[in-house]
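A.B. asks: Take a look at structure14.tsv, TSV, C-alpha atoms:
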chain	number	residue	atom	x	y	z
N	255	MET	CA	-27.81	-112.03	81.61
N	256	PRO	CA	-25.29	-114.00	79.54
N	257	LYS	CA	-26.69	-116.91	77.57
N	258	PHE	CA	-24.36	-119.45	79.09
N	259	TYR	CA	-27.02	-120.48	81.60
N	260	ALA	CA	-29.33	-121.19	78.68
N	261	ARG	CA	-26.53	-123.11	76.98
N	262	ARG	CA	-25.97	-125.47	79.89
N	263	ARG	CA	-27.46	-128.38	78.05
N	264	LEU	CA	-25.11	-131.00	79.48
N	265	SER	CA	-26.72	-134.42	79.82
N	266	ILE	CA	-26.64	-136.41	83.05
N	267	LEU	CA	-24.13	-138.70	81.39
N	268	ALA	CA	-21.81	-135.81	80.57
N	269	ALA	CA	-22.05	-134.53	84.12
N	270	LEU	CA	-21.17	-137.97	85.47
N	271	THR	CA	-18.26	-138.19	83.03
N	272	GLY	CA	-16.91	-134.88	84.32
N	273	PHE	CA	-17.24	-136.08	87.91
N	274	ILE	CA	-15.41	-139.32	87.16
N	275	ALA	CA	-12.64	-137.40	85.40
N	276	SER	CA	-12.30	-135.14	88.41
N	277	VAL	CA	-11.98	-138.09	90.75
N	278	ALA	CA	-9.41	-139.69	88.48
N	279	LEU	CA	-7.43	-136.47	88.38
N	280	PHE	CA	-6.82	-136.48	92.10
N	281	ASN	CA	-6.48	-140.21	92.62
N	282	GLY	CA	-4.67	-141.38	89.49
N	283	PRO	CA	-0.93	-142.06	89.55
N	284	THR	CA	-0.06	-139.40	86.97
N	285	ALA	CA	-1.59	-136.39	85.30
N	286	SER	CA	-1.56	-135.71	81.58
N	287	ALA	CA	-0.98	-132.21	80.29
N	288	ALA	CA	-4.12	-131.28	78.41
N	289	LEU	CA	-6.36	-128.27	77.98
N	290	PRO	CA	-9.95	-129.52	77.58
N	291	THR	CA	-10.12	-130.21	73.84
N	292	PRO	CA	-11.59	-127.18	72.04
N	293	VAL	CA	-14.27	-127.46	69.36
N	294	SER	CA	-13.15	-128.19	65.81
N	295	ALA	CA	-12.07	-125.40	63.48
N	296	ALA	CA	-15.28	-125.82	61.49
N	297	THR	CA	-17.40	-125.46	64.62
N	298	ALA	CA	-15.30	-122.51	65.76
N	299	ARG	CA	-15.90	-120.78	62.43
N	300	THR	CA	-19.65	-121.29	62.88
N	301	TYR	CA	-19.51	-119.99	66.44
N	302	LEU	CA	-17.45	-116.98	65.41
N	303	ALA	CA	-19.94	-116.02	62.74
N	304	SER	CA	-22.67	-115.85	65.40
N	305	LEU	CA	-20.79	-113.67	67.88
N	306	THR	CA	-21.80	-110.04	68.31
N	307	VAL	CA	-19.26	-107.57	67.02
N	308	ALA	CA	-19.01	-104.61	69.38
N	309	THR	CA	-16.58	-102.02	70.69
N	310	GLU	CA	-14.99	-103.04	73.98
N	311	VAL	CA	-15.91	-101.18	77.16
N	312	ARG	CA	-13.29	-101.20	79.94
N	313	THR	CA	-15.04	-98.75	82.31
N	314	GLY	CA	-15.29	-100.05	85.87
N	315	TYR	CA	-13.03	-103.07	85.53
N	316	ASP	CA	-11.40	-104.46	88.67
N	317	ARG	CA	-9.83	-107.91	88.82
N	318	ASP	CA	-11.36	-108.42	92.27
N	319	LEU	CA	-14.76	-108.54	90.56
N	320	PHE	CA	-13.70	-112.01	89.32
N	321	PRO	CA	-13.04	-114.03	92.51
N	322	THR	CA	-10.17	-116.53	92.17
N	323	TRP	CA	-9.13	-119.12	93.23
N	324	ILE	CA	-11.99	-121.20	94.67
N	325	THR	CA	-11.91	-124.68	96.20
N	326	ILE	CA	-12.35	-127.34	93.51
N	327	SER	CA	-11.77	-130.60	95.39
N	328	GLY	CA	-10.71	-131.29	98.96
N	329	THR	CA	-7.94	-128.83	99.81
N	330	CYS	CA	-7.20	-128.05	96.14
N	331	ASN	CA	-8.12	-124.68	94.70
N	332	THR	CA	-8.40	-123.83	91.02
N	333	ARG	CA	-4.71	-123.08	90.50
N	334	GLU	CA	-3.65	-126.29	92.22
N	335	TYR	CA	-6.21	-128.29	90.24
N	336	ILE	CA	-4.88	-126.98	86.92
N	337	LEU	CA	-1.26	-127.55	87.95
N	338	LYS	CA	-2.17	-131.14	88.76
N	339	ARG	CA	-4.09	-131.57	85.51
N	340	ASP	CA	-1.47	-130.01	83.25
N	341	GLY	CA	1.63	-131.53	84.84
N	342	THR	CA	3.34	-134.89	84.63
N	343	ASN	CA	4.17	-136.92	87.76
N	344	VAL	CA	2.91	-134.10	89.97
N	345	VAL	CA	3.32	-134.71	93.70
N	346	THR	CA	1.34	-132.60	96.15
N	347	ASN	CA	1.40	-132.22	99.91
N	348	SER	CA	-1.56	-132.28	102.28
N	349	ALA	CA	-2.37	-128.67	101.38
N	350	CYS	CA	-2.45	-129.65	97.67
N	351	THR	CA	0.66	-127.57	96.94
N	352	ALA	CA	2.70	-129.10	94.11
N	353	THR	CA	6.07	-130.12	95.56
N	354	SER	CA	7.45	-131.73	92.41
N	355	GLY	CA	6.51	-132.54	88.84
N	356	SER	CA	7.11	-131.43	85.28
N	357	TRP	CA	5.13	-128.94	83.20
N	358	TYR	CA	5.32	-128.30	79.46
N	359	SER	CA	4.13	-124.84	78.44
N	360	VAL	CA	2.27	-125.08	75.13
N	361	TYR	CA	2.57	-121.32	74.57
N	362	ASP	CA	6.36	-121.33	74.22
N	363	GLY	CA	7.54	-124.95	74.32
N	364	ALA	CA	9.39	-124.58	77.63
N	365	THR	CA	9.46	-127.30	80.28
N	366	TRP	CA	9.54	-126.46	84.01
N	367	THR	CA	10.06	-128.49	87.17
N	368	ALA	CA	9.01	-125.82	89.68
N	369	ALA	CA	5.34	-124.89	89.99
N	370	SER	CA	6.41	-121.34	90.83
N	371	ASP	CA	7.52	-120.92	87.21
N	372	LEU	CA	3.97	-121.42	86.01
N	373	ASP	CA	1.02	-119.06	85.82
N	374	ILE	CA	-2.53	-120.26	85.30
N	375	ASP	CA	-3.63	-118.33	82.25
N	376	HIS	CA	-7.21	-117.30	81.69
N	377	LEU	CA	-7.19	-117.98	77.98
N	378	VAL	CA	-9.84	-115.30	77.53
N	379	PRO	CA	-8.45	-112.77	80.04
N	380	LEU	CA	-10.68	-111.47	82.80
N	381	ALA	CA	-10.36	-107.88	81.59
N	382	GLU	CA	-11.17	-108.98	78.04
N	383	ALA	CA	-14.28	-110.74	79.33
N	384	TRP	CA	-15.29	-107.59	81.20
N	385	ASP	CA	-14.85	-105.52	78.05
N	386	SER	CA	-16.91	-108.02	76.07
N	387	GLY	CA	-19.94	-108.33	78.32
N	388	ALA	CA	-18.98	-109.70	81.74
N	389	ARG	CA	-19.43	-106.20	83.21
N	390	ASN	CA	-23.16	-107.02	83.08
N	391	TRP	CA	-22.83	-110.28	85.00
N	392	THR	CA	-23.28	-110.97	88.68
N	393	THR	CA	-20.24	-111.64	90.86
N	394	ALA	CA	-21.25	-115.31	91.00
N	395	GLN	CA	-21.24	-115.51	87.21
N	396	ARG	CA	-17.83	-113.85	87.02
N	397	GLN	CA	-16.50	-116.27	89.64
N	398	ALA	CA	-17.75	-119.20	87.58
N	399	PHE	CA	-15.95	-117.81	84.53
N	400	ALA	CA	-12.71	-117.16	86.41
N	401	ASN	CA	-12.61	-120.73	87.73
N	402	ASP	CA	-14.02	-122.65	84.75
N	403	ILE	CA	-12.27	-126.01	84.59
N	404	THR	CA	-14.72	-127.47	82.07
N	405	ARG	CA	-14.26	-125.19	79.08
N	406	PRO	CA	-10.77	-124.69	77.51
N	407	GLN	CA	-10.28	-121.51	79.53
N	408	LEU	CA	-7.55	-122.28	82.10
N	409	ILE	CA	-4.07	-123.57	81.33
N	410	ALA	CA	-0.68	-123.72	83.07
N	411	VAL	CA	1.97	-121.82	81.08
N	412	THR	CA	5.33	-120.11	81.55
N	413	ASP	CA	4.77	-117.19	83.91
N	414	ASN	CA	6.58	-114.46	81.99
N	415	VAL	CA	4.89	-115.50	78.73
N	416	ASN	CA	1.52	-115.20	80.41
N	417	GLN	CA	2.54	-111.81	81.78
N	418	SER	CA	3.54	-110.63	78.31
N	419	LYS	CA	0.08	-111.63	77.08
N	420	SER	CA	-1.59	-109.65	79.87
N	421	ASP	CA	-5.18	-108.84	78.83
N	422	GLN	CA	-4.61	-108.80	75.06
N	423	ASP	CA	-6.87	-110.50	72.54
N	424	PRO	CA	-5.59	-112.51	69.52
N	425	ALA	CA	-5.40	-109.39	67.34
N	426	GLU	CA	-2.79	-108.10	69.79
N	427	TRP	CA	-1.09	-111.29	71.07
N	428	MET	CA	-0.75	-114.91	70.03
N	429	PRO	CA	1.30	-117.69	71.64
N	430	PRO	CA	4.96	-117.55	70.55
N	431	LEU	CA	4.76	-121.24	69.58
N	432	THR	CA	2.97	-120.85	66.24
N	433	SER	CA	2.04	-124.53	66.08
N	434	TYR	CA	-0.39	-123.83	68.94
N	435	ALA	CA	-2.25	-121.07	67.08
N	436	CYS	CA	-5.14	-123.20	65.86
N	437	THR	CA	-5.80	-124.72	69.26
N	438	TYR	CA	-5.59	-121.30	70.87
N	439	VAL	CA	-8.13	-119.59	68.62
N	440	ARG	CA	-10.50	-122.58	68.65
N	441	ALA	CA	-10.49	-122.42	72.45
N	442	TRP	CA	-10.87	-118.61	72.44
N	443	VAL	CA	-13.93	-118.75	70.19
N	444	GLN	CA	-15.49	-121.62	72.15
N	445	VAL	CA	-15.19	-119.74	75.43
N	446	LYS	CA	-16.54	-116.51	73.97
N	447	TYR	CA	-19.45	-118.38	72.39
N	448	TYR	CA	-20.33	-120.30	75.54
N	449	TYR	CA	-20.37	-117.15	77.65
N	450	ASP	CA	-22.06	-115.02	74.94
N	451	LEU	CA	-19.20	-112.52	74.90
N	452	SER	CA	-18.74	-110.10	72.01
N	453	VAL	CA	-15.69	-109.65	69.78
N	454	ASP	CA	-14.32	-106.42	68.37
N	455	SER	CA	-13.70	-106.08	64.64
N	456	ALA	CA	-9.91	-106.50	64.75
N	457	GLU	CA	-10.26	-109.53	67.01
N	458	LYS	CA	-12.79	-111.16	64.66
N	459	THR	CA	-10.57	-110.51	61.66
N	460	LYS	CA	-7.59	-112.18	63.35
N	461	LEU	CA	-9.64	-115.14	64.55
N	462	SER	CA	-11.10	-115.63	61.07
N	463	SER	CA	-7.64	-115.46	59.51
N	464	VAL	CA	-6.14	-118.08	61.81
N	465	LEU	CA	-9.16	-120.37	61.61
N	466	SER	CA	-9.08	-120.28	57.81
N	467	GLY	CA	-5.75	-122.07	57.95
N	468	CYS	CA	-6.75	-124.67	60.53
Just give me the structure of the file as structure tokens.

C.D. replies:
Amino acid sequence: MPKFYARRRLSILAALTGFIASVALFNGPTASAALPTPVSAATARTYLASLTVATEVRTGYDRDLFPTWITISGTCNTREYILKRDGTNVVTNSACTATSGSWYSVYDGATWTAASDLDIDHLVPLAEAWDSGARNWTTAQRQAFANDITRPQLIAVTDNVNQSKSDQDPAEWMPPLTSYACTYVRAWVQVKYYYDLSVDSAEKTKLSSVLSGC
């Protein structure tokens, strides 16, 4: 069993803060584009040093083993929640479908006004998670990972950029906008640490290299 259940040491105050933020997200006049702030570079370096280094195992992977998207609030599912969170002046209909708004993609610096131009990226891809330990989880645990709105794991980005990333790790793919590199690897390490996922040697080398310059 992954250690993330053991790591759920959120206080009651933190839980209430998350609830209040969620309410504000759906009732506030505007939404600010923001991935949940990742840990600092120093903390990420500490986390990275503690991660298990192991060869990835892809055997048995199927995306359907990671159920998406689930209901987050009212009629809004995970995708719609992230679109609302990451957009500016987002307007939704009664089904929570975004009918207008503006989205800035931090991966490539592009701005979009149609939600259909955005994908919701799993920063640590589902296949990568499977390779790194999620193959040993229950379906419920994989669903929690695939719909995690608390960790810096889900973000709205340009669809074809997300598709070019596919299931690659940072040794194989990094966001085209190099100014986002530090944020990206800090988030990657935080997610892997929280879910007790392993890293392969090339991945660790790349993460260490980027973090050394953050």

A.B. asks: Considering only C-alpha atoms, state which residue in the set N:Val445, N:Ala288, N:Cys330, N:Val307 is at the smallest distance from Leu377 (chain N).

C.D. replies: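 Looking at the shortest contact to Leu377 (chain N), the residue is N:Val445.
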
A.B. asks: Can you tell me which residues surround region 457-462 of chain N at a distance of at most 7 Å, considering all atoms listed in the file, apart from same-chain residues fewer than 4 positions away, and format the answer as a PyMOL selection string?

C.D. replies: chain N and resi 423-425+439+453+466

A.B. asks: What gap, in Å, lies between CA of Tyr438 (chain N) and CA of Asp402 (chain N)?

C.D. replies: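 Distance between the two atoms: 16.3 Å.
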
A.B. asks: Name all residues at most 10 Å from Thr325 (chain N) (count all atoms listed in the file; drop same-chain ones fewer than 4 positions away) and give them as a list in words.

C.D. replies: Thr329, Cys330, Asn331, Thr332, Arg333, Glu334, Tyr335 and Asn401 of chain N

A.B. asks: List as a list in words the protein and nucleic acid residues near Thr432 (chain N), meaning an atom at most 12 Å away when all atoms listed in the file are counted, but skip any in the same chain fewer than 2 places from it.

C.D. replies: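 The residues that qualify are Val360, Tyr361, Asp362, Gly363, Trp427, Met428, Pro429, Pro430, Tyr434, Ala435, Cys436, Thr437, Tyr438, Val439, Val464 and Cys468 of chain N.
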
A.B. asks: Quick one: of N:Ala303, N:Ala296, N:Ala394, N:Ala400, who's nearest to Arg317 (chain N), counting only C-alpha atoms?

C.D. replies: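 For Arg317 (chain N), the nearest of the candidates is N:Ala400.
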
A.B. asks: Of the candidates N:Val378, N:Leu337, N:Ala441, N:Val345, which shows the shortest atom-to-atom distance to Thr412 (chain N), using all atoms listed in the file?

C.D. replies: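 That would be N:Leu337, the residue with the smallest distance to Thr412 (chain N).
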